[in-house]
Amino acid sequence: MPASAPHRVVIVAFPGVELLDVTGPAEVFSVATRVAGTSHAGHPDHADHADHPDHPGYVVRIATADGGPVTTSSGIRLLADLSLDEVRGRVDTLLVAGAVDLVGDGVEPVIDSEVTDWLREAAPTARRTGSICAGAHLLAAAGLLDGLSATTHWLTAARLAADHPRVAVDPDPIFIRSGSVWTCAGVTSGLDMALAMVAEDHGQALALATARMMVMYVKRSGGQSQFSVPLSAPATSGDRIDDLRVWIAGHLTEDLTAEALAARLHLSVRHFSRLFRQRTHGTPAAYVESARLEAARRLLEESDGSLPDIAAVSGLGSVETLHRSFQRRLGTTPAEYRRRFR
């Protein structure tokens with residue numbers, strides 16, 4: 001593809017889809033194109049062509065199963081540009097939006113079988129594929145996340161991991177890139193992911209200008225935690241593991257080794273570790289580090305505390321450990337994190 005040719009973006013929508021899952025990324029790509037002085041607004045003849053070297057930037061189109069309008073979860077209707085069958089030729093970025101149903105106190109990801117069947121055939125031909133929020137469940141149902149790391153909204157992450165054991169689900173990051181497949185967390189993280197795609201396609205300068213125009217963070221790292229660690233597995237009243245998680249959050253500076261935690265519940269280390277993994281889908285050590293890291297993250301965002309003080313209060317102990325945890329889990333340094341997010 002010529003360097004100056006527009007990137008063709010197709011966003012797949014279906015009934016009940018989250019409105020911002022569709023319009024958020026679309027707006028990022030549109031603003032990037034306009035900032036670059038290459039708006040395609042009002043030029044429908046460019047809808048299915050990405051071969052105009054005089055028009056760099058993005059051409060964004062919404063596709064639905066039959067090409068007709070769909071009603072979003074907010075009740076607002078979206079008009080499609082084309083049907084799934086009409087998506088032909090090269091697609092640079094293929095995104096699938098998500099939808100959830102409220103069920104009791106939780107949420108249930110919506111799986112549109114017509115979309116997943118189409119994705120199974122169409123996605124491998126796209127240069128880049130991605131999902132927004134619960135859209136990851138559709139990619140997984142189509143087999144497109146097998147063997148890859150992926151994320152989704154924290155409320156449905158455990159369900160994604162349970163339904164698709166071949167997917168390495170990480171509920172923490174805002175977005176994850178695994179080769180040519182991108183996944184992101186809650187609806188607003190779709191804007192962050194789209195901005196990262198702009199940086200990859202056209203360079204950091206255009207991404208910076210787009211972020212400024214949209215009054216966004218210049219670059220909200222994909223490693224920034226999307227939720228509070230104690231919320232990662234919804235609490236169940238009377239559950240010993242859940243009670244322990246709450247206790248951990250208030251005692252981060254104490255001995256939180258698996259041995260100490262097992263002793264607190266009067267269990268063997270082996271039995272405790274098995275129960276903990278069943279309940280949280282992770283090890284006690286990983287959970288404790290996440291809880292301590294989040295405490296450090298919040299202190300960096302909300303206080304003027306020094307790095308030694310933050311390392312001590314969060315239970316990480318030393319500045320060296322603080323740095324290692326941030327680099328390993330978030331891909332940045334504590335100082336850079338504070339500069340970006342405070």
# chains A, B, ... in the order shown; residues from 1 in each chain; ligands from 1
>>> residues_around(residues="A:Trp118", least_positions_apart="4", cutoff="10 Å", atoms="only C-alpha atoms", output="MDAnalysis selection string")
chainID A and resid 65 84:85 113:114 122:123 142
>>> residues_around(residues="stretch 135-140 of chain A", least_positions_apart="2", cutoff="6 Å", atoms="only C-alpha atoms", output="ChimeraX atom specification")
/A:96-98,111,116,131-133,142-145
>>> write_last_selection(atoms="N, CA, C and O atoms", output="compact mmCIF listing (two decimals), in the first residue's frame")
# COMPACT_ATOMS: atom_id res chain seq x y z
N VAL A 96 -14.34 -4.83 15.83
CA VAL A 96 -15.67 -5.29 16.20
C VAL A 96 -16.02 -4.69 17.56
O VAL A 96 -15.23 -4.75 18.51
N ALA A 97 -17.16 -4.05 17.61
CA ALA A 97 -17.63 -3.44 18.85
C ALA A 97 -18.23 -4.52 19.75
O ALA A 97 -18.37 -5.67 19.36
N GLY A 98 -18.58 -4.14 20.98
CA GLY A 98 -19.11 -5.11 21.93
C GLY A 98 -20.46 -4.72 22.48
O GLY A 98 -20.93 -3.60 22.30
N ILE A 111 -23.04 -12.38 22.19
CA ILE A 111 -22.33 -13.00 21.07
C ILE A 111 -23.28 -13.08 19.89
O ILE A 111 -24.26 -13.83 19.91
N THR A 116 -19.81 -13.39 14.32
CA THR A 116 -18.66 -14.27 14.56
C THR A 116 -18.39 -15.17 13.37
O THR A 116 -17.22 -15.42 13.03
N SER A 131 -10.76 -5.38 18.79
CA SER A 131 -12.07 -5.38 19.44
C SER A 131 -12.12 -4.28 20.47
O SER A 131 -11.09 -3.87 21.01
N ILE A 132 -13.32 -3.81 20.73
CA ILE A 132 -13.53 -2.80 21.76
C ILE A 132 -14.40 -3.42 22.84
O ILE A 132 -15.44 -4.01 22.55
N CYS A 133 -13.93 -3.32 24.08
CA CYS A 133 -14.68 -3.80 25.24
C CYS A 133 -15.07 -5.28 25.06
O CYS A 133 -14.21 -6.11 24.76
N ALA A 142 -14.83 -16.56 17.45
CA ALA A 142 -14.44 -16.85 16.08
C ALA A 142 -13.08 -17.55 16.00
O ALA A 142 -12.60 -17.86 14.91
N GLY A 143 -12.46 -17.81 17.17
CA GLY A 143 -11.17 -18.49 17.20
C GLY A 143 -9.99 -17.60 16.89
O GLY A 143 -8.87 -18.09 16.70
N LEU A 144 -10.20 -16.29 16.90
CA LEU A 144 -9.15 -15.37 16.47
C LEU A 144 -8.20 -14.97 17.60
O LEU A 144 -7.18 -14.32 17.34
N LEU A 145 -8.52 -15.35 18.84
CA LEU A 145 -7.65 -15.01 19.97
C LEU A 145 -6.90 -16.22 20.52
O LEU A 145 -6.13 -16.09 21.47
>>> residues_around(residues="A:Pro69", least_positions_apart="6", cutoff="8 Å", atoms="only C-alpha atoms", output="VMD selection string")
chain A and resid 77 to 80
>>> atom_distance(atom1="atom CA of A:Ser325", atom2="atom CA of A:Pro284")
15.7 Å
>>> residues_around(residues="A:Gly305", least_positions_apart="6", cutoff="12 Å", atoms="only C-alpha atoms", output="list in words")
Ala296, Arg297, Arg298, Leu299, Ala311, Ala312, Val313, Ser314, Pro334, Ala335 and Arg338 of chain A
>>> write_last_selection(atoms="C-alpha atoms", output="short mmCIF file (atom, residue, chain, number, x, y, z; two decimals), in the first residue's frame")
data_model
loop_
_atom_site.label_atom_id
_atom_site.label_comp_id
_atom_site.auth_asym_id
_atom_site.auth_seq_id
_atom_site.Cartn_x
_atom_site.Cartn_y
_atom_site.Cartn_z
CA ALA A 296 1.60 2.58 44.48
CA ARG A 297 -0.11 3.70 41.29
CA ARG A 298 -2.82 5.57 43.19
CA LEU A 299 -0.27 7.22 45.47
CA ALA A 311 7.41 1.85 47.99
CA ALA A 312 7.16 1.43 51.75
CA VAL A 313 3.47 2.32 52.16
CA SER A 314 2.41 0.13 49.24
CA PRO A 334 7.09 5.25 38.46
CA ALA A 335 8.31 8.75 37.57
CA ARG A 338 3.28 10.05 37.68
#
>>> closest_residue(among="A:Thr156, A:Ala162, A:Asp201, A:Asp192", to="A:Met216", atoms="only C-alpha atoms")
A:Asp192
>>> closest_residue(among="A:Val115, A:Glu301, A:Met214, A:Val103", to="A:Ile11", atoms="only C-alpha atoms")
A:Val115
